[in-house]
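Chemist: Before I ask anything, let me first share the structure, which is written out below as structure tokens.
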Amino acid sequence: MQQNLRLNEYKVLFYRLSLAYIFYFIARILFYLYNTDLLRVDSFSDFLALCYYGLAFDTTAILYVNLLFIVFSVLPFLKNTTIRYQRNLRYLYFATNLLAYATNFIDFIYYKFTYARTTIVALNVIKHETNKKVLFFSFLIDYWHVLALFIMCSMLWIYLYKKITVKVSIPTQKIPYFGFSAIGFLLIILLTIGGIRGGDFKKSTRPINLLDASRHVKNIVHSDIVLNTPFAIIRTMFANSFLKTNYPGVTEQLILEKIQPIKQYHNNPETKPNVVVFILESYGREYIGAFNKKSGIPNYKTHAPFLDSLSQHSMIFTNAYANGRQSIHGMSSVLAGIPSFKDAFTSSPYPKQKIESLVSTLKGEGYDTSFFHGAANGSMGFLGFGNILGIDHYYGRTEFNDDSQFDGFWGIWDEPFLQFMKNTLDKKKTPFFASVFTVSSHEPYIIPEKYKNRFHEGGVPIHKCAEYTDFALKRFFTEAKKQPWFSNTIFVLVADHCNQIYYDEYQKPINRYAVPIIIYKPNSNYVGVDDDFAQQIDIYPTILDMIGYKKPFRSWGRSLFDKKTTEPFVINSTGSIYQFARGNYICTFDGKLALGFYDKNDKALKNNLIKNRNPEMDDLELRCKAFIQDYMNRVVDQKMYSK
């Protein structure tokens, strides 16, 4: 009799947990439907297979989220079955489950910008924003259909939960009741622990993590279907991805030979031109016609006529990529040559250290250094990282001091802010270094009212923003060229990361990191098109090479104008998988071993050549390991300088 009482409770507990699996499955379907263009699956059976593999990750997330609920459901409190106790259990169940479940719905939209499931790192970015409420309510309004779907799923979930209830009964024989309960408690807790670990009780194996989602997929982007967002957040909540690394066979001598972390150039005479670096928010290579002449995209349309024109007088790198996925990744990559892989370097425990960078080296040469960002001072963590780099002057929304030009969401419109930047530079002594991070080409994709009939949405909403920012850049250059400092200035334009995709060519996994790099120096020989691999971390050594900086300096990138010293390569990460391209191949690497090798032109990563490994592939994997080892160990050991 007493056993039947508890068995009834266990059956109801199983039913309630099973509901979570059903709704996680629904969320996975919706996630795919919202991102079909990025996550294309060949057949329905393939999608079901991905859902099957996702059960292990759902189990971990569901059991983590419901840990307290499970404990309070199985502990023998004698009054477990009373209406009041069960009502309190229901409140606990939905308070935890719906909060976790909502994160899946956020990724219906947010995935389009990051190309990865949201992790705890996203909170590290948001914490720097002063307009969290505005952004949150803007998200709810702009994507009301996502909110509506979440409410509908939640209401159905609550309805189904109430359909089966625990029978009210008070145990009369306490010893059998507590004895059976103790056995049931231990068994359920044991199964819960195993489920959280991914169904594996072996002491020798680690709990399931984000990398495991790639084990059963042919296309690495499908690992995001296998995953769920609560799992991604929970597994990264207390994780530190910056750990000292030592691969077999990777020695300091090999790192010096293969990676050359200390650079020194003697290609140019010493000069001191001004340096201005534009980091263009979300400005993917896709939007600029000059970078797509060989793309073969039918009926291609450019959204950057000024940058197209500027490119004719510049050196442009048409095979360039970002070294990260978020804005703060872009700042550290461009200005300090520090890529971000699973987590942002700036969000790690190690950014507050001496860092050799474009800022520090130019300051050592007598340059005045400035950083411009039209958002609230401190937004994105730029002010804090700027202070670590040693930037002399930070100019933000506070210094602009005119909120009539505030876009209502992120910051000052690009056109007036770039004019403010130009006017500020006019007053500086040369040589100066300045970097600006634009804001207008960003979700929620709005432009000033006065331009609503001038710039049009095109295929995706960001197109009108790309056109507006292009116009703002044109105005800056038109006014700046009237100033005496203009002719002796190196201008670099690069995006922090990509954003909304319109053409299929840029849906390919590798091209989701495709950014433009433009180097313009008035009346110089730096004019042409370079189709070799290039990346954001190359900008720092390139500028030092151009100005004839003769001292050794730390840099994982290479000078884009020096191919004799270091062969072109690119490294970045999906958040769980490294992507390393060099020579004839692209290598995907999970942190321990290579998952695949692909022809350098196979940007879709369709044809894995790993079964036909050759010496070049072996060398590529070795170089990837050497890069990661030097990166991790320098960060952790605080050796981010050449001395």
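Every chain in the structure tokens has a letter given in the order shown (A, B, ...), and although residue numbers restart at 1 in each chain, ligands are simply numbered from 1 in the order shown.
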Give the strand (DSSP E) residues of segment 333-470 of chain A, as DSSP finds them on the backbone, and put them as a PyMOL selection string.

Modeler: chain A and resi 368-373+393-395+432-437

Chemist: I'd like the contact shell of segment 191-195 of chain A - 10 Å cut-off, only C-alpha atoms, skipping same-chain residues fewer than 4 positions apart - returned as a PyMOL selection string.

Modeler: chain A and resi 56-64+66-67+70+185-187+199-202+207-208

Chemist: Show which residues sit within 10 Å of Pro516 of chain A, as a ChimeraX atom specification. Count only C-alpha atoms, and ignore same-chain residues fewer than 5 positions away.

Modeler: /A:280,283-288,290-291,316-322,493-498,534-536

Chemist: For those residues, write C-alpha atoms to a file as a short mmCIF file (atom, residue, chain, number, x, y, z; two decimals), in the first residue's frame.

Modeler:
```
data_model
loop_
_atom_site.label_atom_id
_atom_site.label_comp_id
_atom_site.auth_asym_id
_atom_site.auth_seq_id
_atom_site.Cartn_x
_atom_site.Cartn_y
_atom_site.Cartn_z
CA LEU A 280 32.13 48.82 -38.88
CA TYR A 283 29.26 45.12 -41.93
CA GLY A 284 29.68 41.76 -43.62
CA ARG A 285 31.65 41.40 -46.84
CA GLU A 286 28.40 40.48 -48.56
CA TYR A 287 27.18 44.10 -48.64
CA ILE A 288 30.09 45.58 -50.66
CA ALA A 290 33.93 45.53 -54.77
CA PHE A 291 34.38 42.36 -52.70
CA ILE A 316 41.35 45.36 -50.54
CA PHE A 317 41.45 41.82 -49.16
CA THR A 318 38.59 39.82 -50.62
CA ASN A 319 39.21 36.61 -48.68
CA ALA A 320 39.26 38.08 -45.18
CA TYR A 321 37.51 36.76 -42.06
CA ALA A 322 36.62 37.77 -38.54
CA LEU A 493 38.13 49.75 -42.66
CA VAL A 494 37.03 46.36 -41.35
CA ALA A 495 33.86 44.83 -39.91
CA ASP A 496 33.62 43.41 -36.39
CA HIS A 497 31.54 40.46 -37.63
CA CYS A 498 28.83 39.59 -40.15
CA ALA A 534 43.42 37.48 -44.38
CA GLN A 535 41.93 38.13 -40.95
CA GLN A 536 41.31 40.83 -38.38
#
```

Chemist: Go through A:Phe25, A:Tyr641, A:Phe569, A:Tyr265 one by one, measure the shortest atom-to-atom distance of each to Met546 of chain A using only C-alpha atoms, and give the residue with the smallest value.

Modeler: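 The shortest atom-to-atom distance to Met546 of chain A comes from A:Tyr265.
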
Chemist: Going by DSSP on the backbone, which residues of segment 427-529 of chain A come out as helix (DSSP H, G or I)? List them as an mmCIF file with N, CA and C atoms, in the first residue's frame.

Modeler:
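What landed in selection.cif:
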```cif
data_model
loop_
_atom_site.group_PDB
_atom_site.id
_atom_site.type_symbol
_atom_site.label_atom_id
_atom_site.label_comp_id
_atom_site.auth_asym_id
_atom_site.auth_seq_id
_atom_site.Cartn_x
_atom_site.Cartn_y
_atom_site.Cartn_z
ATOM 1 N N GLU A 449 14.898 59.334 -39.613
ATOM 2 C CA GLU A 449 13.630 59.539 -40.306
ATOM 3 C C GLU A 449 13.815 60.295 -41.622
ATOM 4 N N LYS A 450 14.733 61.261 -41.642
ATOM 5 C CA LYS A 450 14.900 62.094 -42.836
ATOM 6 C C LYS A 450 15.454 61.316 -44.027
ATOM 7 N N TYR A 451 15.971 60.096 -43.767
ATOM 8 C CA TYR A 451 16.542 59.299 -44.849
ATOM 9 C C TYR A 451 15.692 58.086 -45.214
ATOM 10 N N ILE A 462 18.868 44.923 -42.713
ATOM 11 C CA ILE A 462 20.134 45.610 -42.482
ATOM 12 C C ILE A 462 20.638 46.334 -43.734
ATOM 13 N N HIS A 463 20.112 46.007 -44.900
ATOM 14 C CA HIS A 463 20.603 46.636 -46.120
ATOM 15 C C HIS A 463 20.464 48.153 -46.080
ATOM 16 N N LYS A 464 19.354 48.649 -45.566
ATOM 17 C CA LYS A 464 19.195 50.107 -45.512
ATOM 18 C C LYS A 464 20.180 50.721 -44.522
ATOM 19 N N CYS A 465 20.504 49.995 -43.460
ATOM 20 C CA CYS A 465 21.486 50.483 -42.487
ATOM 21 C C CYS A 465 22.890 50.479 -43.086
ATOM 22 N N ALA A 466 23.195 49.443 -43.877
ATOM 23 C CA ALA A 466 24.496 49.386 -44.545
ATOM 24 C C ALA A 466 24.638 50.568 -45.500
ATOM 25 N N GLU A 467 23.572 50.897 -46.202
ATOM 26 C CA GLU A 467 23.605 52.035 -47.120
ATOM 27 C C GLU A 467 23.764 53.347 -46.360
ATOM 28 N N TYR A 468 23.095 53.459 -45.219
ATOM 29 C CA TYR A 468 23.214 54.685 -44.418
ATOM 30 C C TYR A 468 24.631 54.848 -43.871
ATOM 31 N N THR A 469 25.207 53.775 -43.331
ATOM 32 C CA THR A 469 26.574 53.859 -42.805
ATOM 33 C C THR A 469 27.560 54.166 -43.925
ATOM 34 N N ASP A 470 27.342 53.590 -45.099
ATOM 35 C CA ASP A 470 28.189 53.900 -46.258
ATOM 36 C C ASP A 470 28.124 55.394 -46.582
ATOM 37 N N PHE A 471 26.921 55.965 -46.507
ATOM 38 C CA PHE A 471 26.742 57.405 -46.735
ATOM 39 C C PHE A 471 27.458 58.218 -45.654
ATOM 40 N N ALA A 472 27.381 57.762 -44.394
ATOM 41 C CA ALA A 472 28.057 58.457 -43.291
ATOM 42 C C ALA A 472 29.573 58.444 -43.499
ATOM 43 N N LEU A 473 30.098 57.333 -44.000
ATOM 44 C CA LEU A 473 31.532 57.246 -44.288
ATOM 45 C C LEU A 473 31.914 58.194 -45.421
ATOM 46 N N LYS A 474 31.064 58.274 -46.436
ATOM 47 C CA LYS A 474 31.329 59.190 -47.548
ATOM 48 C C LYS A 474 31.417 60.624 -47.048
ATOM 49 N N ARG A 475 30.512 61.009 -46.180
ATOM 50 C CA ARG A 475 30.525 62.367 -45.640
ATOM 51 C C ARG A 475 31.786 62.616 -44.824
ATOM 52 N N PHE A 476 32.208 61.612 -44.058
ATOM 53 C CA PHE A 476 33.431 61.763 -43.267
ATOM 54 C C PHE A 476 34.626 62.011 -44.189
ATOM 55 N N PHE A 477 34.790 61.169 -45.202
ATOM 56 C CA PHE A 477 35.945 61.298 -46.087
ATOM 57 C C PHE A 477 35.884 62.591 -46.907
ATOM 58 N N THR A 478 34.694 62.996 -47.295
ATOM 59 C CA THR A 478 34.551 64.241 -48.053
ATOM 60 C C THR A 478 35.041 65.434 -47.243
ATOM 61 N N GLU A 479 34.706 65.460 -45.967
ATOM 62 C CA GLU A 479 35.115 66.572 -45.103
ATOM 63 C C GLU A 479 36.557 66.421 -44.645
ATOM 64 N N ALA A 480 36.966 65.184 -44.361
ATOM 65 C CA ALA A 480 38.322 64.968 -43.831
ATOM 66 C C ALA A 480 39.393 65.301 -44.862
ATOM 67 N N PHE A 486 44.877 64.711 -43.524
ATOM 68 C CA PHE A 486 44.279 63.626 -44.304
ATOM 69 C C PHE A 486 45.291 62.932 -45.214
ATOM 70 N N SER A 487 46.099 63.692 -45.925
ATOM 71 C CA SER A 487 46.977 63.111 -46.942
ATOM 72 C C SER A 487 48.070 62.231 -46.355
ATOM 73 N N ASN A 488 48.372 62.410 -45.065
ATOM 74 C CA ASN A 488 49.402 61.595 -44.422
ATOM 75 C C ASN A 488 48.771 60.651 -43.399
ATOM 76 N N ASP A 504 22.933 33.132 -50.829
ATOM 77 C CA ASP A 504 23.296 31.776 -50.417
ATOM 78 C C ASP A 504 24.798 31.605 -50.211
ATOM 79 N N GLU A 505 25.594 32.303 -50.993
ATOM 80 C CA GLU A 505 27.045 32.176 -50.892
ATOM 81 C C GLU A 505 27.526 32.455 -49.476
ATOM 82 N N TYR A 506 26.848 33.372 -48.790
ATOM 83 C CA TYR A 506 27.280 33.758 -47.443
ATOM 84 C C TYR A 506 26.573 32.976 -46.342
ATOM 85 N N GLN A 507 25.707 32.035 -46.760
ATOM 86 C CA GLN A 507 25.130 31.108 -45.793
ATOM 87 C C GLN A 507 26.128 30.008 -45.439
ATOM 88 N N ILE A 510 31.866 28.792 -43.498
ATOM 89 C CA ILE A 510 33.085 29.592 -43.454
ATOM 90 C C ILE A 510 32.793 31.054 -43.784
ATOM 91 N N ASN A 511 31.896 31.293 -44.730
ATOM 92 C CA ASN A 511 31.596 32.661 -45.138
ATOM 93 C C ASN A 511 30.763 33.433 -44.127
ATOM 94 N N ARG A 512 30.299 32.768 -43.095
ATOM 95 C CA ARG A 512 29.581 33.499 -42.041
ATOM 96 C C ARG A 512 30.525 34.379 -41.231
ATOM 97 N N TYR A 513 31.812 34.222 -41.471
ATOM 98 C CA TYR A 513 32.826 35.045 -40.809
ATOM 99 C C TYR A 513 33.474 36.020 -41.802
#
```

Chemist: Neighbouring residues of Phe597 of chain A were defined as those with any atom within 9 Å, considering only C-alpha atoms; residues of the same chain fewer than 4 positions away were excluded. Please report them as a list of chain:residue names.

Modeler: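 Selected residues are A:Tyr585, A:Ile586, A:Cys587, A:Thr588, A:Leu605, A:Asn607, A:Asn608, A:Leu609, A:Ile610, A:Lys611, A:Arg613, A:Met617.
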
Chemist: Those residues you just picked out, can you put them in a file as a PDB file, in the first residue's frame with N, CA and C atoms?

Modeler:
```
ATOM      1  N   TYR A 585      43.905  23.815 -47.643  1.00  0.00           N
ATOM      2  CA  TYR A 585      42.861  23.158 -46.860  1.00  0.00           C
ATOM      3  C   TYR A 585      42.316  24.010 -45.719  1.00  0.00           C
ATOM      4  N   ILE A 586      41.129  23.612 -45.285  1.00  0.00           N
ATOM      5  CA  ILE A 586      40.502  24.121 -44.064  1.00  0.00           C
ATOM      6  C   ILE A 586      40.409  22.951 -43.103  1.00  0.00           C
ATOM      7  N   CYS A 587      40.846  23.161 -41.868  1.00  0.00           N
ATOM      8  CA  CYS A 587      40.779  22.106 -40.843  1.00  0.00           C
ATOM      9  C   CYS A 587      39.767  22.505 -39.783  1.00  0.00           C
ATOM     10  N   THR A 588      38.877  21.587 -39.437  1.00  0.00           N
ATOM     11  CA  THR A 588      38.004  21.789 -38.277  1.00  0.00           C
ATOM     12  C   THR A 588      38.562  20.941 -37.137  1.00  0.00           C
ATOM     13  N   LEU A 605      31.838  23.390 -46.378  1.00  0.00           N
ATOM     14  CA  LEU A 605      32.321  22.233 -45.611  1.00  0.00           C
ATOM     15  C   LEU A 605      31.494  20.986 -45.912  1.00  0.00           C
ATOM     16  N   ASN A 607      32.488  18.387 -48.275  1.00  0.00           N
ATOM     17  CA  ASN A 607      33.242  17.186 -48.645  1.00  0.00           C
ATOM     18  C   ASN A 607      34.429  17.002 -47.711  1.00  0.00           C
ATOM     19  N   ASN A 608      34.235  16.185 -46.671  1.00  0.00           N
ATOM     20  CA  ASN A 608      35.294  15.942 -45.691  1.00  0.00           C
ATOM     21  C   ASN A 608      36.331  14.988 -46.283  1.00  0.00           C
ATOM     22  N   LEU A 609      37.580  15.449 -46.323  1.00  0.00           N
ATOM     23  CA  LEU A 609      38.663  14.675 -46.936  1.00  0.00           C
ATOM     24  C   LEU A 609      39.519  13.939 -45.914  1.00  0.00           C
ATOM     25  N   ILE A 610      39.033  13.820 -44.681  1.00  0.00           N
ATOM     26  CA  ILE A 610      39.876  13.296 -43.599  1.00  0.00           C
ATOM     27  C   ILE A 610      40.321  11.854 -43.845  1.00  0.00           C
ATOM     28  N   LYS A 611      39.568  11.096 -44.623  1.00  0.00           N
ATOM     29  CA  LYS A 611      39.961   9.713 -44.897  1.00  0.00           C
ATOM     30  C   LYS A 611      41.145   9.633 -45.852  1.00  0.00           C
ATOM     31  N   ARG A 613      43.980  11.660 -45.654  1.00  0.00           N
ATOM     32  CA  ARG A 613      44.945  12.588 -45.068  1.00  0.00           C
ATOM     33  C   ARG A 613      46.277  12.535 -45.789  1.00  0.00           C
ATOM     34  N   MET A 617      47.887  18.128 -44.601  1.00  0.00           N
ATOM     35  CA  MET A 617      46.817  18.108 -43.606  1.00  0.00           C
ATOM     36  C   MET A 617      47.385  17.888 -42.207  1.00  0.00           C
TER      37      MET A 617
END
```

Chemist: Between atom CA of Ile628 of chain A and atom CA of Ser327 of chain A, what distance in Å does the model show, to one decimal?

Modeler: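 Spanning atom CA of Ile628 of chain A to atom CA of Ser327 of chain A is a straight-line distance of 21.5 Å.
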
Chemist: Record the distance separating atom CA of Ser18 of chain A and atom CA of Ser169 of chain A, expressed in Å with one decimal.

Modeler: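 Here the two named atoms are 23.9 Å from each other.
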
Chemist: Segment 243-349 of chain A near segment 555-566 of chain A within 8 Å: what's each residue's closest atom pair and its distance in Å to one decimal, counting only C-alpha atoms, ordered by chain then ascending residue number, as CSV?

Modeler:
```
residue,atom,partner,partner_atom,distance
A:Ile259,CA,A:Trp556,CA,7.0
A:Gln260,CA,A:Trp556,CA,7.2
A:Pro261,CA,A:Trp556,CA,5.1
A:Ile262,CA,A:Ser555,CA,5.9
A:Lys263,CA,A:Ser555,CA,6.3
A:Gly337,CA,A:Ser555,CA,6.1
A:Ile338,CA,A:Trp556,CA,7.5
```

Chemist: Put those residues in a file: C-alpha atoms, as a compact mmCIF listing (two decimals), in the first residue's frame.

Modeler:
```txt
# COMPACT_ATOMS: atom_id res chain seq x y z
CA ILE A 259 53.36 30.38 -35.43
CA GLN A 260 56.04 33.06 -35.07
CA PRO A 261 54.29 34.86 -32.18
CA ILE A 262 57.03 37.52 -32.15
CA LYS A 263 57.18 39.58 -35.33
CA GLY A 337 45.62 41.05 -32.45
CA ILE A 338 43.87 38.83 -29.87
```

Chemist: Which residue, A:Ser314, A:Asn299, A:Asn240, A:Ser214, has the smallest gap to Gly528 of chain A when you use only C-alpha atoms?

Modeler: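 Smallest distance to Gly528 of chain A is found for A:Ser314.
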
Chemist: Take atom CA of Phe47 of chain A and atom CA of Lys218 of chain A and report the distance between them in Å, one decimal.

Modeler: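 So the two atoms, atom CA of Phe47 of chain A and atom CA of Lys218 of chain A, lie 12.1 Å apart.
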